[in-house]
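What follows is the content of work14.pdb, which has PDB, C-alpha atoms, pLDDT in the B column:
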```
ATOM      1  CA  ARG A  24      -5.311 -53.915  48.618  1.00 74.00           C
ATOM      2  CA  LYS A  25      -5.778 -55.485  45.185  1.00 84.00           C
ATOM      3  CA  GLU A  26      -9.154 -56.973  44.308  1.00 90.00           C
ATOM      4  CA  VAL A  27      -7.571 -60.270  43.295  1.00 95.00           C
ATOM      5  CA  GLU A  28      -4.493 -61.472  45.165  1.00 95.00           C
ATOM      6  CA  GLN A  29      -2.120 -64.229  44.122  1.00 95.00           C
ATOM      7  CA  ASP A  30       1.276 -65.380  45.292  1.00 91.00           C
ATOM      8  CA  PRO A  31       3.525 -64.445  42.336  1.00 91.00           C
ATOM      9  CA  GLY A  32       5.908 -67.351  43.009  1.00 90.00           C
ATOM     10  CA  PRO A  33       7.866 -68.583  41.168  1.00 94.00           C
ATOM     11  CA  PHE A  34       6.940 -72.158  41.899  1.00 95.00           C
ATOM     12  CA  ASN A  35       9.733 -74.455  40.754  1.00 96.00           C
ATOM     13  CA  VAL A  36       8.657 -78.093  40.652  1.00 97.00           C
ATOM     14  CA  PRO A  37       9.986 -81.293  39.069  1.00 97.00           C
ATOM     15  CA  GLU A  38       8.133 -83.041  36.293  1.00 98.00           C
ATOM     16  CA  GLY A  39       5.400 -85.262  37.664  1.00 98.00           C
ATOM     17  CA  ALA A  40       4.812 -83.166  40.766  1.00 97.00           C
ATOM     18  CA  THR A  41       1.440 -81.928  41.936  1.00 97.00           C
ATOM     19  CA  VAL A  42       1.239 -78.182  42.478  1.00 97.00           C
ATOM     20  CA  ALA A  43      -1.513 -75.974  43.822  1.00 96.00           C
ATOM     21  CA  PHE A  44      -2.118 -72.256  43.349  1.00 93.00           C
ATOM     22  CA  ASN A  45      -4.427 -70.151  45.441  1.00 94.00           C
ATOM     23  CA  CYS A  46      -6.118 -66.852  44.937  1.00 95.00           C
ATOM     24  CA  THR A  47      -8.326 -64.617  47.067  1.00 95.00           C
ATOM     25  CA  TYR A  48     -10.732 -61.945  45.883  1.00 93.00           C
ATOM     26  CA  SER A  49     -12.240 -59.088  47.794  1.00 90.00           C
ATOM     27  CA  ASN A  50     -15.460 -58.242  45.964  1.00 76.00           C
ATOM     28  CA  SER A  51     -18.340 -60.483  46.972  1.00 73.00           C
ATOM     29  CA  ALA A  52     -20.368 -59.158  44.004  1.00 75.00           C
ATOM     30  CA  SER A  53     -18.092 -61.050  41.630  1.00 72.00           C
ATOM     31  CA  GLN A  54     -20.110 -63.037  39.147  1.00 77.00           C
ATOM     32  CA  SER A  55     -17.852 -65.690  37.721  1.00 87.00           C
ATOM     33  CA  PHE A  56     -14.325 -66.934  38.037  1.00 92.00           C
ATOM     34  CA  PHE A  57     -11.612 -68.271  35.754  1.00 93.00           C
ATOM     35  CA  TRP A  58      -8.044 -69.335  35.422  1.00 96.00           C
ATOM     36  CA  TYR A  59      -6.147 -67.984  32.431  1.00 96.00           C
ATOM     37  CA  ARG A  60      -2.732 -69.133  31.320  1.00 97.00           C
ATOM     38  CA  GLN A  61      -0.136 -66.731  29.908  1.00 97.00           C
ATOM     39  CA  ASP A  62       3.080 -67.889  28.286  1.00 97.00           C
ATOM     40  CA  CYS A  63       6.086 -65.589  28.270  1.00 94.00           C
ATOM     41  CA  ARG A  64       5.492 -62.603  25.969  1.00 92.00           C
ATOM     42  CA  LYS A  65       2.194 -64.057  24.749  1.00 95.00           C
ATOM     43  CA  GLU A  66      -1.439 -63.165  25.312  1.00 95.00           C
ATOM     44  CA  PRO A  67      -3.551 -64.708  28.091  1.00 95.00           C
ATOM     45  CA  LYS A  68      -5.675 -67.690  27.125  1.00 94.00           C
ATOM     46  CA  LEU A  69      -8.601 -69.170  29.007  1.00 93.00           C
ATOM     47  CA  LEU A  70      -7.579 -72.333  30.857  1.00 95.00           C
ATOM     48  CA  MET A  71     -10.815 -73.127  32.653  1.00 94.00           C
ATOM     49  CA  SER A  72     -13.814 -71.723  34.441  1.00 90.00           C
ATOM     50  CA  VAL A  73     -14.187 -72.224  38.189  1.00 92.00           C
ATOM     51  CA  TYR A  74     -17.396 -73.416  39.829  1.00 84.00           C
ATOM     52  CA  SER A  75     -18.401 -73.855  43.442  1.00 83.00           C
ATOM     53  CA  SER A  76     -18.926 -77.557  42.865  1.00 85.00           C
ATOM     54  CA  GLY A  77     -15.364 -77.863  41.645  1.00 86.00           C
ATOM     55  CA  ASN A  78     -14.468 -78.833  38.107  1.00 91.00           C
ATOM     56  CA  GLU A  79     -11.831 -80.921  36.488  1.00 94.00           C
ATOM     57  CA  ASP A  80     -10.246 -80.872  33.039  1.00 94.00           C
ATOM     58  CA  GLY A  81      -7.719 -83.640  32.654  1.00 96.00           C
ATOM     59  CA  ARG A  82      -4.841 -82.956  35.031  1.00 97.00           C
ATOM     60  CA  PHE A  83      -6.319 -79.615  36.127  1.00 97.00           C
ATOM     61  CA  THR A  84      -8.828 -79.145  38.942  1.00 97.00           C
ATOM     62  CA  ALA A  85     -10.326 -75.800  39.915  1.00 96.00           C
ATOM     63  CA  GLN A  86     -12.291 -74.998  43.032  1.00 94.00           C
ATOM     64  CA  LEU A  87     -14.229 -71.992  44.285  1.00 93.00           C
ATOM     65  CA  ASN A  88     -15.166 -71.228  47.880  1.00 90.00           C
ATOM     66  CA  ARG A  89     -17.551 -68.263  47.809  1.00 88.00           C
ATOM     67  CA  ALA A  90     -17.820 -68.035  51.586  1.00 88.00           C
ATOM     68  CA  SER A  91     -14.060 -67.614  51.957  1.00 90.00           C
ATOM     69  CA  GLN A  92     -13.687 -65.756  48.628  1.00 91.00           C
ATOM     70  CA  TYR A  93     -10.982 -68.203  47.651  1.00 92.00           C
ATOM     71  CA  ILE A  94     -10.154 -69.888  44.344  1.00 94.00           C
ATOM     72  CA  SER A  95      -7.687 -72.699  43.739  1.00 95.00           C
ATOM     73  CA  LEU A  96      -6.064 -74.510  40.846  1.00 97.00           C
ATOM     74  CA  LEU A  97      -4.466 -77.926  41.205  1.00 97.00           C
ATOM     75  CA  ILE A  98      -2.177 -79.362  38.537  1.00 98.00           C
ATOM     76  CA  ARG A  99      -1.364 -83.047  38.783  1.00 98.00           C
ATOM     77  CA  ASP A 100       1.516 -84.832  37.037  1.00 98.00           C
ATOM     78  CA  SER A 101       3.162 -81.580  35.937  1.00 98.00           C
ATOM     79  CA  LYS A 102       4.613 -81.453  32.424  1.00 98.00           C
ATOM     80  CA  LEU A 103       7.399 -79.227  31.133  1.00 98.00           C
ATOM     81  CA  SER A 104       4.779 -77.612  28.909  1.00 97.00           C
ATOM     82  CA  ASP A 105       2.831 -76.458  31.975  1.00 98.00           C
ATOM     83  CA  SER A 106       5.517 -73.831  32.617  1.00 98.00           C
ATOM     84  CA  ALA A 107       3.707 -70.508  32.344  1.00 98.00           C
ATOM     85  CA  THR A 108       2.048 -67.794  34.416  1.00 97.00           C
ATOM     86  CA  TYR A 109      -1.383 -68.664  35.764  1.00 98.00           C
ATOM     87  CA  LEU A 110      -3.754 -65.746  36.184  1.00 97.00           C
ATOM     88  CA  CYS A 111      -6.674 -65.863  38.579  1.00 96.00           C
ATOM     89  CA  VAL A 112      -9.561 -63.884  37.100  1.00 94.00           C
ATOM     90  CA  VAL A 113     -12.802 -62.568  38.517  1.00 92.00           C
ATOM     91  CA  ASN A 114     -15.640 -61.336  36.300  1.00 87.00           C
ATOM     92  CA  LYS A 115     -17.820 -58.610  37.765  1.00 82.00           C
ATOM     93  CA  GLY A 116     -18.913 -57.234  34.439  1.00 78.00           C
ATOM     94  CA  LYS A 117     -15.287 -56.748  33.484  1.00 84.00           C
ATOM     95  CA  LEU A 118     -12.380 -59.105  34.008  1.00 89.00           C
ATOM     96  CA  ILE A 119     -10.226 -58.385  37.040  1.00 92.00           C
ATOM     97  CA  PHE A 120      -6.901 -60.203  36.886  1.00 95.00           C
ATOM     98  CA  GLY A 121      -4.577 -61.179  39.660  1.00 96.00           C
ATOM     99  CA  GLN A 122      -0.871 -60.551  39.338  1.00 95.00           C
ATOM    100  CA  GLY A 123      -0.311 -64.130  38.170  1.00 96.00           C
ATOM    101  CA  THR A 124       1.622 -67.053  39.621  1.00 96.00           C
ATOM    102  CA  THR A 125       4.661 -68.246  37.705  1.00 96.00           C
ATOM    103  CA  LEU A 126       5.207 -71.979  37.403  1.00 97.00           C
ATOM    104  CA  GLN A 127       8.469 -73.468  36.221  1.00 97.00           C
ATOM    105  CA  VAL A 128       8.463 -77.237  35.717  1.00 98.00           C
ATOM    106  CA  LYS A 129      11.967 -78.715  35.628  1.00 97.00           C
ATOM    107  CA  PRO A 130      13.044 -82.021  34.067  1.00 95.00           C
TER     108      PRO A 130
ATOM    109  CA  GLY B  18     -10.234 -68.851  11.627  1.00 57.00           C
ATOM    110  CA  ALA B  19      -8.611 -65.493  12.232  1.00 83.00           C
ATOM    111  CA  GLY B  20      -8.162 -64.438  15.810  1.00 94.00           C
ATOM    112  CA  VAL B  21      -7.833 -60.976  17.291  1.00 97.00           C
ATOM    113  CA  SER B  22      -5.069 -59.005  15.645  1.00 97.00           C
ATOM    114  CA  GLN B  23      -3.302 -55.885  16.862  1.00 98.00           C
ATOM    115  CA  SER B  24      -0.946 -53.459  15.238  1.00 97.00           C
ATOM    116  CA  PRO B  25       1.721 -52.399  15.567  1.00 98.00           C
ATOM    117  CA  ARG B  26       3.179 -55.220  17.623  1.00 97.00           C
ATOM    118  CA  TYR B  27       5.906 -52.948  18.948  1.00 98.00           C
ATOM    119  CA  LYS B  28       5.959 -49.183  19.255  1.00 98.00           C
ATOM    120  CA  VAL B  29       8.687 -46.930  20.574  1.00 98.00           C
ATOM    121  CA  ALA B  30       7.603 -43.367  21.244  1.00 98.00           C
ATOM    122  CA  LYS B  31       9.443 -40.375  22.600  1.00 97.00           C
ATOM    123  CA  ARG B  32       7.898 -38.791  25.657  1.00 97.00           C
ATOM    124  CA  GLY B  33       5.261 -36.316  24.572  1.00 97.00           C
ATOM    125  CA  GLN B  34       4.407 -38.054  21.300  1.00 98.00           C
ATOM    126  CA  ASP B  35       0.913 -39.255  20.472  1.00 98.00           C
ATOM    127  CA  VAL B  36       0.394 -42.929  19.591  1.00 98.00           C
ATOM    128  CA  ALA B  37      -2.493 -44.903  18.084  1.00 98.00           C
ATOM    129  CA  LEU B  38      -2.900 -48.623  18.636  1.00 98.00           C
ATOM    130  CA  ARG B  39      -5.218 -50.684  16.479  1.00 98.00           C
ATOM    131  CA  CYS B  40      -7.299 -53.753  17.273  1.00 98.00           C
ATOM    132  CA  ASP B  41      -9.119 -55.988  14.796  1.00 98.00           C
ATOM    133  CA  PRO B  42     -11.475 -58.210  16.783  1.00 97.00           C
ATOM    134  CA  ILE B  43     -12.826 -61.569  15.679  1.00 95.00           C
ATOM    135  CA  SER B  44     -15.457 -60.976  13.017  1.00 94.00           C
ATOM    136  CA  GLY B  45     -18.955 -60.789  14.488  1.00 91.00           C
ATOM    137  CA  HIS B  46     -17.808 -60.295  18.064  1.00 93.00           C
ATOM    138  CA  VAL B  47     -20.004 -57.752  19.784  1.00 93.00           C
ATOM    139  CA  SER B  48     -17.798 -56.917  22.751  1.00 93.00           C
ATOM    140  CA  LEU B  49     -14.326 -55.419  22.667  1.00 95.00           C
ATOM    141  CA  PHE B  50     -12.066 -54.723  25.613  1.00 95.00           C
ATOM    142  CA  TRP B  51      -8.751 -52.947  26.084  1.00 97.00           C
ATOM    143  CA  TYR B  52      -6.325 -53.864  28.865  1.00 97.00           C
ATOM    144  CA  GLN B  53      -2.968 -52.527  29.975  1.00 98.00           C
ATOM    145  CA  GLN B  54      -0.366 -54.986  31.266  1.00 97.00           C
ATOM    146  CA  ALA B  55       2.695 -53.654  33.036  1.00 96.00           C
ATOM    147  CA  LEU B  56       5.746 -55.866  33.443  1.00 93.00           C
ATOM    148  CA  GLY B  57       5.201 -58.550  36.062  1.00 91.00           C
ATOM    149  CA  GLN B  58       1.553 -57.674  36.562  1.00 94.00           C
ATOM    150  CA  GLY B  59      -1.754 -59.047  35.351  1.00 96.00           C
ATOM    151  CA  PRO B  60      -3.719 -57.163  32.703  1.00 96.00           C
ATOM    152  CA  GLU B  61      -5.741 -54.199  33.977  1.00 96.00           C
ATOM    153  CA  PHE B  62      -9.059 -53.249  32.427  1.00 95.00           C
ATOM    154  CA  LEU B  63      -9.127 -49.964  30.531  1.00 97.00           C
ATOM    155  CA  THR B  64     -12.372 -49.771  28.579  1.00 97.00           C
ATOM    156  CA  TYR B  65     -15.228 -51.769  27.038  1.00 95.00           C
ATOM    157  CA  PHE B  66     -17.301 -51.422  23.860  1.00 96.00           C
ATOM    158  CA  GLN B  67     -20.506 -53.133  22.950  1.00 94.00           C
ATOM    159  CA  ASN B  68     -20.667 -52.677  19.191  1.00 95.00           C
ATOM    160  CA  GLU B  69     -19.833 -48.996  18.664  1.00 96.00           C
ATOM    161  CA  ALA B  70     -20.947 -47.868  22.106  1.00 96.00           C
ATOM    162  CA  GLN B  71     -18.297 -47.307  24.748  1.00 97.00           C
ATOM    163  CA  LEU B  72     -20.146 -48.564  27.817  1.00 94.00           C
ATOM    164  CA  ASP B  73     -17.350 -48.482  30.357  1.00 94.00           C
ATOM    165  CA  LYS B  74     -14.229 -46.345  30.387  1.00 95.00           C
ATOM    166  CA  SER B  75     -13.649 -46.471  34.105  1.00 94.00           C
ATOM    167  CA  GLY B  76     -10.159 -47.973  33.729  1.00 95.00           C
ATOM    168  CA  LEU B  77      -8.663 -45.296  31.512  1.00 97.00           C
ATOM    169  CA  PRO B  78      -5.877 -43.821  33.673  1.00 95.00           C
ATOM    170  CA  SER B  79      -6.134 -40.239  32.478  1.00 95.00           C
ATOM    171  CA  ASP B  80      -7.765 -38.019  29.902  1.00 96.00           C
ATOM    172  CA  ARG B  81      -4.721 -38.606  27.704  1.00 98.00           C
ATOM    173  CA  PHE B  82      -6.197 -42.006  26.888  1.00 98.00           C
ATOM    174  CA  PHE B  83      -9.000 -42.200  24.358  1.00 97.00           C
ATOM    175  CA  ALA B  84     -10.591 -45.185  22.614  1.00 98.00           C
ATOM    176  CA  GLU B  85     -13.065 -45.477  19.782  1.00 98.00           C
ATOM    177  CA  ARG B  86     -14.842 -48.132  17.760  1.00 97.00           C
ATOM    178  CA  PRO B  87     -16.841 -46.058  15.273  1.00 96.00           C
ATOM    179  CA  GLU B  88     -18.313 -48.866  13.159  1.00 94.00           C
ATOM    180  CA  GLY B  89     -18.520 -51.520  15.799  1.00 93.00           C
ATOM    181  CA  SER B  90     -15.586 -53.573  14.533  1.00 95.00           C
ATOM    182  CA  VAL B  91     -12.033 -52.162  14.471  1.00 98.00           C
ATOM    183  CA  SER B  92     -11.020 -50.184  17.546  1.00 98.00           C
ATOM    184  CA  THR B  93      -8.256 -47.674  18.145  1.00 98.00           C
ATOM    185  CA  LEU B  94      -6.703 -46.772  21.471  1.00 98.00           C
ATOM    186  CA  LYS B  95      -5.016 -43.390  21.362  1.00 98.00           C
ATOM    187  CA  ILE B  96      -2.592 -42.077  23.929  1.00 98.00           C
ATOM    188  CA  GLN B  97      -1.745 -38.402  23.767  1.00 98.00           C
ATOM    189  CA  ARG B  98       1.433 -36.835  25.096  1.00 98.00           C
ATOM    190  CA  THR B  99       2.880 -40.206  26.130  1.00 98.00           C
ATOM    191  CA  GLN B 100       4.678 -40.496  29.468  1.00 97.00           C
ATOM    192  CA  GLN B 101       7.192 -43.092  30.615  1.00 97.00           C
ATOM    193  CA  GLU B 102       4.613 -44.669  32.904  1.00 96.00           C
ATOM    194  CA  ASP B 103       2.534 -45.492  29.810  1.00 97.00           C
ATOM    195  CA  SER B 104       5.149 -48.106  28.836  1.00 97.00           C
ATOM    196  CA  ALA B 105       3.294 -51.429  28.923  1.00 98.00           C
ATOM    197  CA  VAL B 106       1.706 -54.067  26.731  1.00 98.00           C
ATOM    198  CA  TYR B 107      -1.728 -53.024  25.514  1.00 98.00           C
ATOM    199  CA  LEU B 108      -4.001 -56.004  24.991  1.00 98.00           C
ATOM    200  CA  CYS B 109      -7.238 -56.061  23.096  1.00 97.00           C
ATOM    201  CA  ALA B 110      -9.833 -58.795  23.604  1.00 95.00           C
ATOM    202  CA  SER B 111     -13.141 -59.574  21.957  1.00 94.00           C
ATOM    203  CA  SER B 112     -16.108 -61.619  23.007  1.00 91.00           C
ATOM    204  CA  LEU B 113     -19.048 -62.955  21.036  1.00 89.00           C
ATOM    205  CA  ARG B 114     -21.792 -61.422  23.143  1.00 81.00           C
ATOM    206  CA  ASP B 115     -22.139 -58.909  25.908  1.00 72.00           C
ATOM    207  CA  ARG B 116     -19.670 -58.404  28.700  1.00 66.00           C
ATOM    208  CA  SER B 117     -21.108 -61.164  30.839  1.00 62.00           C
ATOM    209  CA  SER B 118     -20.056 -63.691  28.212  1.00 59.00           C
ATOM    210  CA  TYR B 119     -16.983 -65.050  29.833  1.00 62.00           C
ATOM    211  CA  GLU B 120     -14.718 -66.147  27.071  1.00 83.00           C
ATOM    212  CA  GLN B 121     -12.643 -63.250  25.905  1.00 89.00           C
ATOM    213  CA  TYR B 122     -10.158 -63.895  23.127  1.00 93.00           C
ATOM    214  CA  PHE B 123      -7.030 -61.830  23.396  1.00 95.00           C
ATOM    215  CA  GLY B 124      -4.850 -60.400  20.677  1.00 97.00           C
ATOM    216  CA  PRO B 125      -1.047 -60.615  20.847  1.00 97.00           C
ATOM    217  CA  GLY B 126      -0.774 -57.106  22.250  1.00 97.00           C
ATOM    218  CA  THR B 127       1.151 -53.977  21.362  1.00 98.00           C
ATOM    219  CA  ARG B 128       4.284 -53.437  23.412  1.00 98.00           C
ATOM    220  CA  LEU B 129       4.683 -49.693  23.913  1.00 98.00           C
ATOM    221  CA  THR B 130       7.975 -48.289  25.116  1.00 98.00           C
ATOM    222  CA  VAL B 131       8.131 -44.581  25.915  1.00 98.00           C
ATOM    223  CA  THR B 132      11.663 -43.185  26.042  1.00 96.00           C
TER     224      THR B 132
END
```
As structure tokens, the full file:
Amino acid sequence: RKEVEQDPGPFNVPEGATVAFNCTYSNSASQSFFWYRQDCRKEPKLLMSVYSSGNEDGRFTAQLNRASQYISLLIRDSKLSDSATYLCVVNKGKLIFGQGTTLQVKP
Amino acid sequence: GAGVSQSPRYKVAKRGQDVALRCDPISGHVSLFWYQQALGQGPEFLTYFQNEAQLDKSGLPSDRFFAERPEGSVSTLKIQRTQQEDSAVYLCASSLRDRSSYEQYFGPGTRLTVT
């Protein structure tokens, strides 16, 4: 079983839709949590950190549930430019990446 | 400012050849990481340097893989006697402080194809 599990998708949604991605992790010693975004054939880039209290950055909301070892990302009012792969990442001294969830936003 | 750069961007090697992949981290960044990303997968950790010291090489898949950072800046990942399963994108990342500093900046990667 992988340490960080994500549904690979793809998620195909129309512009303006709200979409949610989930991720589970298996190592309770994990220190911190992130979502990275990776465009096709590009490098991963940090999207946002994830905190237990939940945090929001514009249209993006991330949530962490330590008890359930579960991380989520919510994207509201999807834009065409949101099309990418979203990587759930756990830091336990080194970054452990999930497989990634592919989002395709259609006009 | 300049980000992380990697060279070459693309490398085709015949099975059994040795390859060397270079990473130039952001100037002043203490930490440097190498990852391997297979098609359709997330990056997988290979090794970590703090300055010139290789503090973690637990992700290196075999003794054919070797990494160095002799002066604490540029790093080289060497793969000896390449195999087809080594075909992947090799990503380098750097971070300002030690490994607990969360923001890692990634280079564009080297896409290695072993034929």
Between CA of Tyr109 in chain A and CA of Val73 in chain A lies a distance of 13.5 Å
The PyMOL selection byres ((chain A and resi 81-95) around 10) applied to the shown file, residues as a PyMOL selection string | chain A and resi 27-29+41-51+53+55-58+70-80+96-102+111-113
Tell me which residues the PyMOL selection byres ((chain B and resi 78) around 12) grabs here, as number ranges by chain.
-> B: 52-53, 61-64, 74-77, 79-83, 96, 100, 102-103
Enumerate as an mmCIF file with C-alpha atoms, in the coordinates of the input the residues belonging to chain A that approach chain B to within 8 Å, with all atoms listed in the file taken into account.
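And here's iface_2.cif as it stands now:
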```cif
data_model
loop_
_atom_site.group_PDB
_atom_site.id
_atom_site.type_symbol
_atom_site.label_atom_id
_atom_site.label_comp_id
_atom_site.auth_asym_id
_atom_site.auth_seq_id
_atom_site.Cartn_x
_atom_site.Cartn_y
_atom_site.Cartn_z
ATOM 1 C CA SER A 55 -17.852 -65.690 37.721
ATOM 2 C CA LYS A 65 2.194 -64.057 24.749
ATOM 3 C CA GLU A 66 -1.439 -63.165 25.312
ATOM 4 C CA PRO A 67 -3.551 -64.708 28.091
ATOM 5 C CA LYS A 68 -5.675 -67.690 27.125
ATOM 6 C CA LEU A 69 -8.601 -69.170 29.007
ATOM 7 C CA LEU A 110 -3.754 -65.746 36.184
ATOM 8 C CA ASN A 114 -15.640 -61.336 36.300
ATOM 9 C CA GLY A 116 -18.913 -57.234 34.439
ATOM 10 C CA LYS A 117 -15.287 -56.748 33.484
ATOM 11 C CA LEU A 118 -12.380 -59.105 34.008
ATOM 12 C CA ILE A 119 -10.226 -58.385 37.040
ATOM 13 C CA PHE A 120 -6.901 -60.203 36.886
ATOM 14 C CA GLY A 121 -4.577 -61.179 39.660
ATOM 15 C CA GLN A 122 -0.871 -60.551 39.338
ATOM 16 C CA GLY A 123 -0.311 -64.130 38.170
#
```
Write out as a PyMOL selection string which residues come within 7 Å of Glu69 in chain B when counting all atoms listed in the file, dropping same-chain ones fewer than 6 positions away.
-> chain B and resi 86-89
Next, write the just-selected residues to a file, as a PDB file, in the coordinates of the input, keeping C-alpha atoms as the atom set.
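part-v3.pdb was written with the following content:
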```
ATOM      1  CA  ARG B  86     -14.842 -48.132  17.760  1.00 97.00           C
ATOM      2  CA  PRO B  87     -16.841 -46.058  15.273  1.00 96.00           C
ATOM      3  CA  GLU B  88     -18.313 -48.866  13.159  1.00 94.00           C
ATOM      4  CA  GLY B  89     -18.520 -51.520  15.799  1.00 93.00           C
TER       5      GLY B  89
END
```
Nearest to Ser111 in chain B by atom-to-atom distance, counting only C-alpha atoms, from B:His46, B:Arg32, B:Arg26, B:Lys95 | B:His46
Have a look at CA of Ala105 in chain B and CA of Lys28 in chain B and let me know their distance in Å, one decimal.
-> 10.3 Å
Check the smallest atom-to-atom distance from each of A:Leu103, A:Cys63, A:Ala52, A:Pro130 to Leu56 in chain B using all atoms listed in the file, then report the winner.
->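 Answer, going by the shortest atom-to-atom distance: A:Cys63.
You can rank B:Asn68, B:Leu94, B:Ser104, B:Glu85 by their closest distance to Ser48 in chain B using all atoms listed in the file, and at the top of that list sits B:Asn68.
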How many Å separate CA of Tyr59 in chain A from CA of Phe34 in chain A?
->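 A separation of 16.7 Å between them.
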Would you mind telling me which residue in B:Ala19, B:Leu49, B:Ala55, B:Leu129 lies nearest to Val36 in chain B when using all atoms listed in the file?
->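 Smallest distance to Val36 in chain B is found for B:Leu129.
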Go through the shown structure with the PyMOL selection byres ((chain B and resi 41) around 8) and write out the matching residues as JSON, numbers by chain.
-> {"B": [21, 22, 23, 39, 40, 42, 43, 90, 91, 92]}
Just to be explicit: take each residue in the selection above, keep C-alpha atoms, and write the result as a short mmCIF file (atom, residue, chain, number, x, y, z; two decimals), in the coordinates of the input.
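Printed below is part.cif as written:
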```
data_model
loop_
_atom_site.label_atom_id
_atom_site.label_comp_id
_atom_site.auth_asym_id
_atom_site.auth_seq_id
_atom_site.Cartn_x
_atom_site.Cartn_y
_atom_site.Cartn_z
CA VAL B 21 -7.83 -60.98 17.29
CA SER B 22 -5.07 -59.00 15.64
CA GLN B 23 -3.30 -55.88 16.86
CA ARG B 39 -5.22 -50.68 16.48
CA CYS B 40 -7.30 -53.75 17.27
CA PRO B 42 -11.48 -58.21 16.78
CA ILE B 43 -12.83 -61.57 15.68
CA SER B 90 -15.59 -53.57 14.53
CA VAL B 91 -12.03 -52.16 14.47
CA SER B 92 -11.02 -50.18 17.55
#
```
Distance query Arg98 in chain B at most 6 Å, all atoms listed in the file, self and fewer than 6 positions along chain excluded, as number ranges by chain | B: 33-35
Please supply range 32-37 of chain B, rebuilt with all heavy atoms, as a compact mmCIF listing (two decimals), keeping the file's coordinate frame.
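Below you can see selection07.txt, which holds the result:
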```txt
# COMPACT_ATOMS: atom_id res chain seq x y z
N ARG B 32 8.80 -39.43 24.70
CA ARG B 32 7.90 -38.79 25.66
C ARG B 32 7.29 -37.54 25.03
O ARG B 32 7.98 -36.72 24.44
CB ARG B 32 8.68 -38.42 26.92
CG ARG B 32 7.80 -38.07 28.11
CD ARG B 32 8.61 -38.15 29.40
NE ARG B 32 9.66 -37.15 29.45
CZ ARG B 32 9.55 -35.98 30.06
NH1 ARG B 32 8.42 -35.66 30.67
NH2 ARG B 32 10.55 -35.14 30.09
N GLY B 33 5.97 -37.46 25.13
CA GLY B 33 5.26 -36.32 24.57
C GLY B 33 4.61 -36.59 23.23
O GLY B 33 3.75 -35.84 22.79
N GLN B 34 5.01 -37.70 22.58
CA GLN B 34 4.41 -38.05 21.30
C GLN B 34 3.03 -38.66 21.51
O GLN B 34 2.74 -39.23 22.56
CB GLN B 34 5.28 -39.09 20.58
CG GLN B 34 6.40 -38.52 19.77
CD GLN B 34 7.12 -39.60 18.97
OE1 GLN B 34 7.20 -40.75 19.39
NE2 GLN B 34 7.68 -39.21 17.84
N ASP B 35 2.21 -38.57 20.47
CA ASP B 35 0.91 -39.26 20.47
C ASP B 35 1.07 -40.60 19.77
O ASP B 35 1.84 -40.72 18.81
CB ASP B 35 -0.13 -38.43 19.71
CG ASP B 35 -0.41 -37.09 20.37
OD1 ASP B 35 0.05 -36.86 21.50
OD2 ASP B 35 -1.08 -36.26 19.72
N VAL B 36 0.35 -41.62 20.24
CA VAL B 36 0.39 -42.93 19.59
C VAL B 36 -1.04 -43.43 19.37
O VAL B 36 -1.96 -43.04 20.09
CB VAL B 36 1.19 -43.98 20.40
CG1 VAL B 36 2.65 -43.56 20.55
CG2 VAL B 36 0.56 -44.26 21.74
N ALA B 37 -1.19 -44.28 18.36
CA ALA B 37 -2.49 -44.90 18.08
C ALA B 37 -2.27 -46.40 17.91
O ALA B 37 -1.43 -46.82 17.11
CB ALA B 37 -3.10 -44.30 16.82
```
